[in-house]
Every structure is written in structure tokens, then in C-alpha cells.
file final03.tsv (TSV, C-alpha atoms)
chain	number	residue	atom	x	y	z
A	21	MET	CA	-37.45	-9.11	32.26
A	22	SER	CA	-36.27	-8.79	28.66
A	23	LYS	CA	-32.89	-8.82	26.98
A	24	ILE	CA	-31.94	-6.05	24.54
A	25	ASP	CA	-32.86	-6.71	20.91
A	26	ARG	CA	-31.80	-3.50	19.16
A	27	LEU	CA	-29.90	-0.45	20.26
A	28	THR	CA	-29.44	3.06	18.88
A	29	ILE	CA	-26.89	5.47	20.35
A	30	LYS	CA	-26.17	8.88	18.83
A	31	GLY	CA	-23.79	11.44	20.25
A	32	PHE	CA	-22.36	9.49	23.20
A	33	LYS	CA	-18.59	9.92	23.58
A	34	SER	CA	-16.95	8.36	20.49
A	35	ILE	CA	-20.20	6.65	19.44
A	36	ARG	CA	-21.45	9.26	17.02
A	37	ASN	CA	-24.08	7.17	15.22
A	38	LEU	CA	-24.91	3.57	16.13
A	39	ASN	CA	-28.26	2.96	14.48
A	40	ASN	CA	-30.63	0.07	15.20
A	41	PHE	CA	-27.80	-2.34	16.02
A	42	GLU	CA	-28.82	-5.94	16.74
A	43	LEU	CA	-27.68	-7.48	20.01
A	44	ARG	CA	-27.76	-11.27	20.34
A	45	ASP	CA	-27.58	-13.66	23.28
A	46	LEU	CA	-23.78	-13.48	23.17
A	47	ASN	CA	-21.95	-10.36	22.01
A	48	VAL	CA	-18.14	-10.23	22.15
A	49	LEU	CA	-16.69	-6.81	21.30
A	50	ILE	CA	-13.18	-6.91	19.85
A	51	GLY	CA	-11.01	-4.22	18.32
A	52	PRO	CA	-7.88	-2.10	18.85
A	53	ASN	CA	-7.14	0.20	21.77
A	54	GLY	CA	-9.06	3.46	21.55
A	55	ALA	CA	-11.69	2.11	19.15
A	56	GLY	CA	-14.53	2.68	21.66
A	57	LYS	CA	-15.25	-0.67	23.30
A	58	SER	CA	-15.09	0.84	26.78
A	59	ASN	CA	-17.37	3.70	25.69
A	60	PHE	CA	-20.00	1.13	24.74
A	61	VAL	CA	-19.77	-0.32	28.26
A	62	SER	CA	-19.84	3.22	29.68
A	63	TYR	CA	-23.18	3.82	27.95
A	64	PHE	CA	-24.73	1.05	30.06
A	65	ARG	CA	-23.19	2.53	33.20
A	66	MET	CA	-24.89	5.82	32.35
A	67	LEU	CA	-28.19	4.01	31.85
A	68	SER	CA	-27.81	2.35	35.24
A	69	GLU	CA	-27.16	5.71	36.89
A	70	MET	CA	-30.21	7.19	35.15
A	71	VAL	CA	-32.60	4.65	36.66
A	72	GLU	CA	-31.07	5.27	40.08
A	73	GLN	CA	-31.55	9.06	39.69
A	74	ARG	CA	-27.78	9.68	39.73
A	75	LEU	CA	-27.37	11.02	36.19
A	76	GLN	CA	-26.06	14.42	37.29
A	77	VAL	CA	-23.56	12.86	39.72
A	78	TRP	CA	-22.34	10.47	37.02
A	79	THR	CA	-22.04	13.34	34.50
A	80	ARG	CA	-19.88	15.37	36.88
A	81	GLN	CA	-17.70	12.34	37.52
A	82	GLN	CA	-17.07	12.27	33.76
A	83	GLY	CA	-16.03	15.94	33.90
A	84	SER	CA	-19.20	17.49	32.45
A	85	ALA	CA	-21.73	16.95	29.69
A	86	ASP	CA	-19.15	18.43	27.33
A	87	ARG	CA	-17.00	15.35	27.99
A	88	VAL	CA	-19.88	12.95	27.40
A	89	VAL	CA	-21.39	14.10	24.08
A	90	SER	CA	-19.41	13.28	20.94
A	91	PHE	CA	-16.55	15.73	20.43
A	92	GLY	CA	-18.02	18.35	22.77
A	93	VAL	CA	-21.16	20.45	22.86
A	94	LYS	CA	-20.02	22.71	20.02
A	95	GLU	CA	-20.22	19.75	17.65
A	96	THR	CA	-22.93	17.62	19.31
A	97	SER	CA	-25.97	19.40	20.72
A	98	LYS	CA	-27.71	16.34	22.19
A	99	LEU	CA	-27.36	12.69	23.14
A	100	GLU	CA	-30.04	10.39	21.73
A	101	SER	CA	-30.77	6.74	22.30
A	102	SER	CA	-33.46	4.12	21.82
A	103	ILE	CA	-33.58	0.56	23.12
A	104	GLU	CA	-35.89	-2.22	21.94
A	105	PHE	CA	-36.42	-5.18	24.27
A	106	GLY	CA	-39.16	-7.73	23.81
A	107	SER	CA	-42.36	-5.89	22.86
A	108	ASN	CA	-41.19	-2.71	24.57
A	109	SER	CA	-38.96	0.23	23.81
A	110	TYR	CA	-37.44	3.17	25.63
A	111	GLN	CA	-36.23	6.34	23.90
A	112	PHE	CA	-34.62	9.39	25.40
A	113	GLU	CA	-32.88	12.60	24.45
A	114	LEU	CA	-30.43	14.35	26.79
A	115	LEU	CA	-29.53	18.00	26.30
A	116	PRO	CA	-26.44	19.62	27.89
A	117	SER	CA	-27.25	22.33	30.44
A	118	THR	CA	-25.29	25.51	31.04
A	119	ASP	CA	-23.98	24.21	34.37
A	120	GLY	CA	-22.32	21.17	32.75
A	121	GLY	CA	-25.08	18.66	33.48
A	122	PHE	CA	-27.87	17.13	31.40
A	123	PHE	CA	-31.64	17.56	31.26
A	124	PHE	CA	-34.20	15.45	29.45
A	125	GLY	CA	-35.35	16.85	26.12
A	126	LYS	CA	-37.53	13.80	25.52
A	127	GLU	CA	-38.48	10.47	27.04
A	128	GLN	CA	-40.74	7.99	25.32
A	129	ILE	CA	-41.86	4.45	26.01
A	130	GLY	CA	-43.36	2.15	23.41
A	131	PHE	CA	-45.15	-1.17	23.18
A	132	TRP	CA	-45.68	-3.44	20.18
A	133	GLY	CA	-48.47	-5.88	20.99
A	134	SER	CA	-51.41	-7.68	19.42
A	135	ALA	CA	-53.78	-5.10	20.89
A	136	TYR	CA	-52.14	-2.32	18.87
A	137	ASN	CA	-51.83	-2.13	15.10
A	138	GLN	CA	-48.90	0.24	15.50
A	139	PRO	CA	-46.50	1.02	18.35
A	140	TYR	CA	-48.23	2.41	21.42
A	141	LEU	CA	-46.13	5.41	22.44
A	142	TYR	CA	-46.28	7.69	25.44
A	143	ASN	CA	-44.26	10.90	25.66
A	144	GLN	CA	-43.71	11.46	29.37
A	145	PRO	CA	-40.64	11.41	31.62
A	146	TYR	CA	-41.24	8.24	33.59
A	147	LEU	CA	-38.01	6.68	34.89
A	148	GLU	CA	-37.72	9.36	37.56
A	149	VAL	CA	-41.44	9.09	38.29
A	150	ILE	CA	-41.30	5.34	38.87
A	151	SER	CA	-38.14	5.32	40.95
A	152	SER	CA	-39.47	8.10	43.18
A	153	GLY	CA	-42.74	6.23	43.82
A	154	GLN	CA	-45.00	8.78	42.08
A	155	LEU	CA	-46.10	6.53	39.22
A	156	GLU	CA	-49.51	5.69	40.68
A	157	SER	CA	-50.62	9.28	41.09
A	158	LYS	CA	-49.17	10.54	37.83
A	159	LEU	CA	-50.28	7.75	35.50
A	160	LYS	CA	-53.31	6.26	37.27
A	161	SER	CA	-55.59	7.30	34.41
A	162	VAL	CA	-53.49	5.46	31.81
A	163	ILE	CA	-53.41	1.82	32.89
A	164	PRO	CA	-51.61	0.43	29.78
A	165	THR	CA	-48.96	3.11	30.12
A	166	LYS	CA	-48.45	2.30	33.80
A	167	LYS	CA	-47.82	-1.36	32.99
A	168	ILE	CA	-45.48	-0.56	30.11
A	169	ALA	CA	-43.56	2.03	32.12
A	170	ASP	CA	-43.21	-0.29	35.10
A	171	PHE	CA	-41.99	-3.15	32.91
A	172	CYS	CA	-39.49	-0.90	31.11
A	173	TYR	CA	-38.13	0.44	34.37
A	174	ARG	CA	-37.75	-3.00	35.94
A	175	SER	CA	-36.10	-4.39	32.79
A	176	ILE	CA	-33.53	-1.59	32.54
A	177	SER	CA	-32.84	-1.82	36.27
A	178	ASP	CA	-32.17	-5.55	35.85
A	179	TRP	CA	-29.37	-5.07	33.31
A	180	LYS	CA	-26.11	-5.32	35.27
A	181	ILE	CA	-22.65	-3.99	34.46
A	182	PHE	CA	-19.85	-5.80	36.28
A	183	HIS	CA	-16.30	-4.49	36.63
A	184	PHE	CA	-13.90	-6.42	38.84
A	185	HIS	CA	-10.74	-4.45	38.05
A	186	ASP	CA	-10.16	-3.06	41.57
A	187	THR	CA	-8.37	-5.68	43.67
A	188	SER	CA	-6.35	-3.21	45.75
A	189	ASP	CA	-6.13	-3.47	49.53
A	190	THR	CA	-9.00	-1.00	49.87
A	191	ALA	CA	-11.28	-2.82	47.40
A	192	GLY	CA	-14.72	-3.63	48.81
A	193	VAL	CA	-14.34	-7.33	48.01
A	194	LYS	CA	-11.48	-7.53	50.56
A	195	ARG	CA	-13.16	-5.59	53.35
A	196	LEU	CA	-15.79	-6.27	55.97
A	197	GLY	CA	-19.32	-5.80	54.66
A	198	ALA	CA	-22.87	-5.92	55.97
A	199	LEU	CA	-24.28	-9.44	56.16
A	200	HIS	CA	-27.73	-8.25	55.05
A	201	ASP	CA	-26.35	-6.87	51.76
A	202	PHE	CA	-27.03	-10.00	49.69
A	203	GLN	CA	-30.04	-9.22	47.47
A	204	TYR	CA	-27.89	-9.04	44.31
A	205	LEU	CA	-24.20	-9.08	43.46
A	206	ARG	CA	-22.94	-5.51	43.29
A	207	PRO	CA	-21.11	-4.30	40.15
A	208	GLU	CA	-17.67	-4.35	41.80
A	209	ALA	CA	-18.51	-7.41	43.98
A	210	ALA	CA	-18.09	-5.41	47.20
A	211	ASN	CA	-20.74	-7.64	48.83
A	212	LEU	CA	-19.29	-10.91	47.52
A	213	ALA	CA	-18.90	-12.46	51.00
A	214	ALA	CA	-22.52	-11.75	51.98
A	215	PHE	CA	-23.77	-12.92	48.56
A	216	LEU	CA	-21.86	-16.22	48.79
A	217	TYR	CA	-22.99	-16.70	52.40
A	218	ARG	CA	-26.61	-16.46	51.25
A	219	LEU	CA	-25.97	-19.05	48.50
A	220	GLN	CA	-24.15	-21.31	50.94
A	221	ASN	CA	-27.12	-21.28	53.32
A	222	SER	CA	-29.87	-21.67	50.72
A	223	THR	CA	-31.34	-24.49	48.68
A	224	PHE	CA	-29.50	-23.30	45.56
A	225	ASN	CA	-26.96	-25.70	44.04
A	226	GLU	CA	-25.01	-22.84	42.51
A	227	TYR	CA	-22.74	-22.42	45.53
A	228	MET	CA	-21.11	-25.82	44.95
A	229	GLN	CA	-20.91	-25.11	41.22
A	230	ILE	CA	-18.98	-21.93	41.99
A	231	ILE	CA	-16.66	-23.82	44.37
A	232	GLN	CA	-15.98	-26.54	41.79
A	233	VAL	CA	-15.16	-24.05	39.02
A	234	VAL	CA	-12.91	-21.99	41.31
A	235	ARG	CA	-11.03	-25.18	42.27
A	236	LEU	CA	-10.34	-25.82	38.57
A	237	ALA	CA	-8.81	-22.36	38.17
A	238	ILE	CA	-7.07	-22.29	41.59
A	239	PRO	CA	-5.94	-25.89	42.31
A	240	PHE	CA	-4.94	-25.24	45.94
A	241	PHE	CA	-8.30	-23.62	46.81
A	242	ASP	CA	-10.64	-25.69	49.03
A	243	ASP	CA	-13.58	-23.54	50.17
A	244	PHE	CA	-14.65	-20.16	51.50
A	245	VAL	CA	-14.76	-19.46	55.23
A	246	LEU	CA	-17.87	-17.34	55.70
A	247	ASP	CA	-18.40	-16.63	59.40
A	248	PRO	CA	-20.50	-13.56	60.29
A	249	GLN	CA	-19.41	-11.48	63.27
A	250	SER	CA	-21.66	-9.32	65.44
A	251	LEU	CA	-20.83	-5.72	66.24
A	252	PRO	CA	-21.73	-4.04	69.56
A	253	ASP	CA	-24.70	-2.29	67.90
A	254	GLY	CA	-26.13	-5.64	66.81
A	255	GLU	CA	-25.22	-5.36	63.12
A	256	GLU	CA	-23.64	-8.46	61.58
A	257	GLN	CA	-20.73	-8.18	59.19
A	258	ILE	CA	-18.79	-10.67	57.13
A	259	ARG	CA	-15.43	-10.90	55.33
A	260	LEU	CA	-14.40	-13.09	52.42
A	261	LEU	CA	-12.01	-15.59	54.01
A	262	TRP	CA	-10.90	-18.90	52.48
A	263	ARG	CA	-8.80	-21.96	53.15
A	264	GLN	CA	-6.41	-24.15	51.21
A	265	LYS	CA	-6.76	-27.88	50.69
A	266	ASN	CA	-5.66	-30.00	53.63
A	267	SER	CA	-5.77	-27.03	56.01
A	268	ASP	CA	-8.32	-25.57	58.40
A	269	TYR	CA	-6.51	-22.22	58.71
A	270	ALA	CA	-8.57	-19.26	57.43
A	271	LEU	CA	-6.70	-17.06	54.97
A	272	TRP	CA	-7.47	-13.46	54.00
A	273	PRO	CA	-8.44	-12.36	50.47
A	274	SER	CA	-5.14	-10.45	50.28
A	275	GLN	CA	-3.49	-13.88	50.26
A	276	LEU	CA	-5.03	-14.60	46.87
A	277	SER	CA	-3.60	-13.18	43.65
A	278	ASP	CA	-5.48	-10.39	41.86
A	279	GLY	CA	-6.33	-12.76	39.02
A	280	SER	CA	-7.71	-15.34	41.46
A	281	ILE	CA	-9.99	-12.78	43.10
A	282	ARG	CA	-11.23	-11.57	39.72
A	283	PHE	CA	-11.95	-15.13	38.62
A	284	ILE	CA	-13.93	-15.81	41.81
A	285	CYS	CA	-16.00	-12.67	41.12
A	286	LEU	CA	-16.57	-13.68	37.48
A	287	ALA	CA	-17.57	-17.23	38.39
A	288	THR	CA	-20.06	-15.93	40.95
A	289	ALA	CA	-21.53	-13.38	38.52
A	290	LEU	CA	-21.97	-15.95	35.74
A	291	LEU	CA	-23.19	-18.83	37.92
A	292	GLN	CA	-25.52	-16.94	40.27
A	293	PRO	CA	-29.00	-18.54	40.50
A	294	LYS	CA	-30.97	-15.49	39.37
A	295	LEU	CA	-29.09	-14.07	36.43
A	296	PRO	CA	-29.83	-10.51	35.26
A	297	SER	CA	-31.56	-10.42	31.86
A	298	THR	CA	-28.43	-8.72	30.43
A	299	ILE	CA	-24.87	-8.87	31.79
A	300	VAL	CA	-22.17	-6.45	30.60
A	301	ILE	CA	-18.48	-7.04	31.50
A	302	ASP	CA	-15.49	-4.97	30.35
A	303	GLU	CA	-12.24	-6.93	29.80
A	304	PRO	CA	-13.08	-9.93	32.01
A	305	GLU	CA	-9.78	-11.61	31.10
A	306	LEU	CA	-7.69	-9.06	33.02
A	307	GLY	CA	-4.98	-10.81	35.05
A	308	LEU	CA	-6.22	-14.35	34.37
A	309	HIS	CA	-4.06	-17.41	33.72
A	310	PRO	CA	-4.55	-18.90	30.21
A	311	TYR	CA	-6.38	-21.94	31.62
A	312	ALA	CA	-8.64	-19.65	33.67
A	313	ILE	CA	-9.45	-17.80	30.43
A	314	THR	CA	-10.53	-21.12	28.87
A	315	LEU	CA	-12.80	-21.74	31.87
A	316	LEU	CA	-14.12	-18.20	31.59
A	317	GLY	CA	-15.03	-18.76	27.95
A	318	SER	CA	-17.01	-21.83	28.94
A	319	LEU	CA	-18.80	-19.92	31.72
A	320	ILE	CA	-19.73	-17.10	29.34
A	321	ARG	CA	-21.07	-19.49	26.67
A	322	SER	CA	-23.10	-21.34	29.28
A	323	ALA	CA	-24.52	-18.13	30.78
A	324	SER	CA	-25.51	-16.87	27.31
A	325	LYS	CA	-27.92	-19.81	27.01
A	326	LYS	CA	-29.85	-18.41	29.98
A	327	THR	CA	-29.32	-14.67	29.64
A	328	GLN	CA	-27.78	-12.05	27.35
A	329	VAL	CA	-24.04	-11.47	27.74
A	330	ILE	CA	-22.08	-8.50	26.37
A	331	ILE	CA	-18.31	-8.45	26.91
A	332	SER	CA	-15.42	-6.42	25.51
A	333	THR	CA	-12.03	-8.08	25.28
A	334	GLN	CA	-8.53	-7.80	23.82
A	335	SER	CA	-7.60	-11.40	24.64
A	336	VAL	CA	-6.93	-13.65	21.64
A	337	ALA	CA	-7.29	-16.68	23.92
A	338	LEU	CA	-10.76	-15.57	25.03
A	339	VAL	CA	-11.89	-14.67	21.49
A	340	ASN	CA	-10.89	-18.18	20.39
A	341	GLU	CA	-13.56	-19.55	22.76
A	342	PHE	CA	-16.38	-18.10	20.63
A	343	ALA	CA	-17.87	-18.43	17.18
A	344	ILE	CA	-17.54	-15.75	14.51
A	345	GLU	CA	-21.24	-14.93	14.74
A	346	ASP	CA	-20.70	-13.99	18.40
A	347	LEU	CA	-18.13	-11.33	17.54
A	348	VAL	CA	-18.71	-7.60	17.08
A	349	ILE	CA	-15.88	-5.73	15.39
A	350	VAL	CA	-15.29	-2.29	16.92
A	351	GLU	CA	-13.19	0.19	14.93
A	352	SER	CA	-12.56	3.90	14.69
A	353	GLU	CA	-13.38	5.67	11.45
A	354	GLU	CA	-12.63	9.39	11.24
A	355	GLY	CA	-12.51	9.48	15.04
A	356	ALA	CA	-15.94	7.87	15.53
A	357	THR	CA	-16.66	4.35	16.76
A	358	VAL	CA	-18.31	1.92	14.34
A	359	PHE	CA	-19.66	-1.55	15.09
A	360	LYS	CA	-19.75	-4.37	12.53
A	361	ARG	CA	-20.67	-8.02	12.27
A	362	LEU	CA	-18.66	-9.80	9.57
A	363	GLU	CA	-19.15	-12.90	7.45
A	364	PRO	CA	-16.43	-15.57	7.85
A	365	SER	CA	-14.68	-14.57	4.61
A	366	ASP	CA	-14.71	-10.89	5.56
A	367	PHE	CA	-13.51	-11.75	9.04
A	368	GLN	CA	-10.44	-13.49	7.66
A	369	ASN	CA	-9.57	-10.36	5.68
A	370	TRP	CA	-10.10	-8.22	8.80
A	371	LEU	CA	-7.72	-10.42	10.80
call {"tool": "encode", "arguments": {"input": "final03.tsv", "output": "C-alpha cells"}}
result
Amino acid sequence: MSKIDRLTIKGFKSIRNLNNFELRDLNVLIGPNGAGKSNFVSYFRMLSEMVEQRLQVWTRQQGSADRVVSFGVKETSKLESSIEFGSNSYQFELLPSTDGGFFFGKEQIGFWGSAYNQPYLYNQPYLEVISSGQLESKLKSVIPTKKIADFCYRSISDWKIFHFHDTSDTAGVKRLGALHDFQYLRPEAANLAAFLYRLQNSTFNEYMQIIQVVRLAIPFFDDFVLDPQSLPDGEEQIRLLWRQKNSDYALWPSQLSDGSIRFICLATALLQPKLPSTIVIDEPELGLHPYAITLLGSLIRSASKKTQVIISTQSVALVNEFAIEDLVIVESEEGATVFKRLEPSDFQNWL
């Protein structure tokens, strides 16, 4: 799978015109409240819903297409975007429908390779085709296109957006979950217990790495207690229990602070053995102790050597963990979000 090299977004919420913006291995979005950092993260959530064929559901959760396009449909008639990753690209155009949803005005995939003197492009809606299993019949006569489309779909599906804000009593991370739900860590970590159980019972060394990092942030923490239980129908479920040092008594996740739970989720996401090609996290510092933020900075820098990391933050302590070239300044100009990378001298003036 490929990380994102360049990104264009036009007409999405407050992002009126982001054109051919370079994304690096580590991208730390900083800026004032209301500048549009969360809208940037929301774009990737929309992309994730698109590949899962849930675009219309997601759009209605936002209110309607009128709430998604920049400043409403009277001012913005369409949402456009293009993504370049590796030798491939994906472009799409979404048009608001009369019932408040979206429909595709255009979809295009591209490939830049040695076999082509110019980009190989194919105008055909394909994300829905691939995810519904119809790719073989629809594109069987165009073998290069099939390979490109399949690679694009798998790459976009591999980009993961994590949000660990919900630590309420009803949060999935605190509840019983299916033991077999361990293939990948879910965006809100609802399957954290099953995911950690799989790591604990595998040949991966990452489980002990996660334990060691969590112990640094939570000094009284010893280990997780991951014991599956069988239901009458034969299904096995598991809950995220844990124990303190010098005790064999299993404690519930509600006996951890919200910040501790979020840190455990973050450590698992950033230390998992098979990292997504791109990880996006909105305000990962929420509720963390200053020392935990220092550890988080180290985890993010380490992960960015193996995969692409995009985070948005308002934490000075977390920003101090990164270099200036890692930072993306997000500001609002005439109501629209703009993204900038600054030279050190310009950055000092901005501060």
C-alpha cells in the first residue's frame, strides 16, 4: 500500500481550495480553534465511508450535502478532490442531489509508470464496483485498469482514521466484544480487547512493547487481563480488564482514568505490528498527562519512520516534540481554511 504524496480538496466544508498540497511522512496540523483542522480529518472520514459504500449515510449524519460543501450549495456546486499516492492517483467529483445526498459526477484513476509516457487514466466509477465484487465482470477486458483500480481501492481502504475521544461508560472499548473481531484495530478502539488478545497470543513482540510503554505512562499498571468467555450460543466474547502491580485482582476499564484509556488506545494504534500506510488522528493529546504527551510524541515520531502519520493538535507540549518541517500551519482567511508550511524565520514571526 502507498502513503499519500499530494492532495487536492476543493469545496469541502471550510476547505475551499487546497491545491496539490504535499504530505510528508509526518504531518502535524496546528492552528487556532475554528481554522479547519478537524475538517481536514473529516475529509478522510468521508473517504473511508466512500470505500465502504456508506457515503449517503455519512452525508445525512452531517445534516445534508448542503452542510458538507463549502458555504452551502448556493455558493459551491460540487466537491472535487484528487489524491496522488505512489505511481497512482484517484480523482472524484461529488455533486449535491435534490434529496440532500451526493452523486458522483466523475471518478478517475491514474497511473504514472515506465510503460506509459503520460498518465494512464480511466474514467469509470470503480470504488463501488470493487467493493461490491463486480470488478471482474465490468473491467475484465482492461487488465491494466483492473490492477490499478484494485491497488487504489486497497490503498485507500488501508488509510485509517483513529478517534479515541469517547471514554464514557457506554464506549465500545469498555464493553464486551466479540473475540473474533481482531483483524484490525477499529477507529474508536471498540475491539481493543480482542486486538490485544490476538497480539498476546501471537509471535509478535509488539504486545510487550505496548505493555512497557503503558507502564511508563501509568506507573501502577502491570498488565491486561484478557480472558475470553463463552456464551450459550457458542460465541466467545472478551472485555478489557487489567491489574495493578503487586495484585492479581482484575480491574475494570472504568477503573482507569479517561486519559489512561486514551493513551492505551494510542499506544496500541502506533505500535501495532501491521501499521496502516497512513494514520490520521485528531487531537491525540486530549486528557493526557504532560509526561504521557512526551511519550506520545516519541511514539508518533517512531511510527512515522514506518508509515505516514497525520495529526491535528492544539498542545504546545506535543508540538514541541516535532521539528518545524513536520508542522503544517492551518489558518482561516476570509472564512476559508488555508494550509501552509513555513521556513524557520517565517515560523518565528507566525508564533
call {"tool": "closest_residue", "arguments": {"input": "final03.tsv", "among": "A:Ile313, A:Gln81, A:Thr357, A:Asp186", "to": "A:Asn340", "atoms": "only C-alpha atoms"}}
result
A:Ile313
call {"tool": "residues_around", "arguments": {"input": "final03.tsv", "residues": "A:Val350", "least_positions_apart": "4", "cutoff": "10 Å", "atoms": "only C-alpha atoms", "output": "PyMOL selection string"}}
result
chain A and resi 48-57+60+332+357-361
call {"tool": "atom_distance", "arguments": {"input": "final03.tsv", "atom1": "atom CA of A:Gln111", "atom2": "atom CA of A:Val89"}}
result
16.7 Å
call {"tool": "closest_residue", "arguments": {"input": "final03.tsv", "among": "A:Leu338, A:Leu46, A:Ile230, A:Met66", "to": "A:Pro293", "atoms": "all atoms listed in the file"}}
result
A:Ile230
call {"tool": "residues_around", "arguments": {"input": "final03.tsv", "residues": "A:Thr28", "least_positions_apart": "6", "cutoff": "12 Å", "atoms": "only C-alpha atoms", "output": "PDB file with C-alpha atoms, keeping the file's coordinate frame"}}
result
ATOM      1  CA  ILE A  35     -20.200   6.650  19.440  1.00  0.00           C
ATOM      2  CA  ARG A  36     -21.450   9.260  17.020  1.00  0.00           C
ATOM      3  CA  ASN A  37     -24.080   7.170  15.220  1.00  0.00           C
ATOM      4  CA  LEU A  38     -24.910   3.570  16.130  1.00  0.00           C
ATOM      5  CA  ASN A  39     -28.260   2.960  14.480  1.00  0.00           C
ATOM      6  CA  ASN A  40     -30.630   0.070  15.200  1.00  0.00           C
ATOM      7  CA  PHE A  41     -27.800  -2.340  16.020  1.00  0.00           C
ATOM      8  CA  GLU A  42     -28.820  -5.940  16.740  1.00  0.00           C
ATOM      9  CA  LEU A  43     -27.680  -7.480  20.010  1.00  0.00           C
ATOM     10  CA  PHE A  60     -20.000   1.130  24.740  1.00  0.00           C
ATOM     11  CA  TYR A  63     -23.180   3.820  27.950  1.00  0.00           C
ATOM     12  CA  LEU A  99     -27.360  12.690  23.140  1.00  0.00           C
ATOM     13  CA  GLU A 100     -30.040  10.390  21.730  1.00  0.00           C
ATOM     14  CA  SER A 101     -30.770   6.740  22.300  1.00  0.00           C
ATOM     15  CA  SER A 102     -33.460   4.120  21.820  1.00  0.00           C
ATOM     16  CA  ILE A 103     -33.580   0.560  23.120  1.00  0.00           C
ATOM     17  CA  GLU A 104     -35.890  -2.220  21.940  1.00  0.00           C
ATOM     18  CA  SER A 109     -38.960   0.230  23.810  1.00  0.00           C
ATOM     19  CA  TYR A 110     -37.440   3.170  25.630  1.00  0.00           C
ATOM     20  CA  GLN A 111     -36.230   6.340  23.900  1.00  0.00           C
ATOM     21  CA  PHE A 112     -34.620   9.390  25.400  1.00  0.00           C
ATOM     22  CA  GLU A 113     -32.880  12.600  24.450  1.00  0.00           C
ATOM     23  CA  PHE A 359     -19.660  -1.550  15.090  1.00  0.00           C
TER      24      PHE A 359
END
call {"tool": "residues_around", "arguments": {"input": "final03.tsv", "residues": "A:Asp119", "least_positions_apart": "5", "cutoff": "12 Å", "atoms": "all atoms listed in the file", "output": "list in words"}}
result
Gln76, Thr79, Arg80, Gly83, Ser84, Ala85 and Asp86 of chain A
call {"tool": "atom_distance", "arguments": {"input": "final03.tsv", "atom1": "atom CA of A:Pro273", "atom2": "atom CA of A:Ser188"}}
result
10.5 Å
call {"tool": "closest_residue", "arguments": {"input": "final03.tsv", "among": "A:Asp278, A:Glu345, A:Asp253, A:Asp242", "to": "A:Leu306", "atoms": "all atoms listed in the file"}}
result
A:Asp278
call {"tool": "residues_around", "arguments": {"input": "final03.tsv", "residues": "A:Ala209", "least_positions_apart": "3", "cutoff": "12 Å", "atoms": "all atoms listed in the file", "output": "PyMOL selection string"}}
result
chain A and resi 180-187+191-195+197+201-202+204-206+212-216+260+281-289
call {"tool": "decode", "arguments": {"input": "final03.tsv", "residues": "stretch 332-346 of chain A", "atoms": "N, CA, C and O atoms", "output": "mmCIF file, in the first residue's frame"}}
result
data_model
loop_
_atom_site.group_PDB
_atom_site.id
_atom_site.type_symbol
_atom_site.label_atom_id
_atom_site.label_comp_id
_atom_site.auth_asym_id
_atom_site.auth_seq_id
_atom_site.Cartn_x
_atom_site.Cartn_y
_atom_site.Cartn_z
ATOM 1 N N SER A 332 -3.701 16.331 14.127
ATOM 2 C CA SER A 332 -4.022 17.729 14.409
ATOM 3 C C SER A 332 -3.939 17.903 15.917
ATOM 4 O O SER A 332 -4.329 17.010 16.682
ATOM 5 N N THR A 333 -3.408 19.033 16.359
ATOM 6 C CA THR A 333 -3.213 19.218 17.789
ATOM 7 C C THR A 333 -3.286 20.693 18.153
ATOM 8 O O THR A 333 -3.033 21.572 17.318
ATOM 9 N N GLN A 334 -3.617 20.956 19.423
ATOM 10 C CA GLN A 334 -3.547 22.295 19.987
ATOM 11 C C GLN A 334 -2.641 22.302 21.205
ATOM 12 O O GLN A 334 -2.644 23.261 21.976
ATOM 13 N N SER A 335 -1.861 21.236 21.370
ATOM 14 C CA SER A 335 -1.000 21.097 22.539
ATOM 15 C C SER A 335 0.395 21.634 22.242
ATOM 16 O O SER A 335 1.098 21.115 21.372
ATOM 17 N N VAL A 336 0.802 22.662 22.987
ATOM 18 C CA VAL A 336 2.159 23.206 22.837
ATOM 19 C C VAL A 336 3.184 22.130 23.193
ATOM 20 O O VAL A 336 4.216 21.986 22.528
ATOM 21 N N ALA A 337 2.894 21.362 24.253
ATOM 22 C CA ALA A 337 3.828 20.314 24.674
ATOM 23 C C ALA A 337 4.040 19.277 23.575
ATOM 24 O O ALA A 337 5.162 18.819 23.351
ATOM 25 N N LEU A 338 2.971 18.916 22.863
ATOM 26 C CA LEU A 338 3.112 17.929 21.795
ATOM 27 C C LEU A 338 3.823 18.536 20.590
ATOM 28 O O LEU A 338 4.685 17.887 19.980
ATOM 29 N N VAL A 339 3.499 19.774 20.241
ATOM 30 C CA VAL A 339 4.173 20.431 19.113
ATOM 31 C C VAL A 339 5.679 20.511 19.361
ATOM 32 O O VAL A 339 6.485 20.361 18.431
ATOM 33 N N ASN A 340 6.078 20.724 20.615
ATOM 34 C CA ASN A 340 7.499 20.823 20.942
ATOM 35 C C ASN A 340 8.262 19.533 20.700
ATOM 36 O O ASN A 340 9.498 19.526 20.699
ATOM 37 N N GLU A 341 7.551 18.422 20.484
ATOM 38 C CA GLU A 341 8.191 17.134 20.228
ATOM 39 C C GLU A 341 8.607 16.969 18.762
ATOM 40 O O GLU A 341 9.262 15.980 18.411
ATOM 41 N N PHE A 342 8.263 17.943 17.908
ATOM 42 C CA PHE A 342 8.494 17.781 16.477
ATOM 43 C C PHE A 342 9.357 18.909 15.920
ATOM 44 O O PHE A 342 9.546 19.952 16.555
ATOM 45 N N ALA A 343 9.865 18.664 14.716
ATOM 46 C CA ALA A 343 10.667 19.673 14.029
ATOM 47 C C ALA A 343 9.763 20.606 13.236
ATOM 48 O O ALA A 343 8.617 20.258 12.914
ATOM 49 N N ILE A 344 10.272 21.781 12.890
ATOM 50 C CA ILE A 344 9.474 22.759 12.163
ATOM 51 C C ILE A 344 8.999 22.202 10.827
ATOM 52 O O ILE A 344 7.869 22.454 10.403
ATOM 53 N N GLU A 345 9.853 21.412 10.171
ATOM 54 C CA GLU A 345 9.459 20.865 8.863
ATOM 55 C C GLU A 345 8.319 19.856 8.960
ATOM 56 O O GLU A 345 7.706 19.502 7.942
ATOM 57 N N ASP A 346 8.001 19.400 10.173
ATOM 58 C CA ASP A 346 6.872 18.485 10.357
ATOM 59 C C ASP A 346 5.538 19.223 10.480
ATOM 60 O O ASP A 346 4.481 18.605 10.385
#
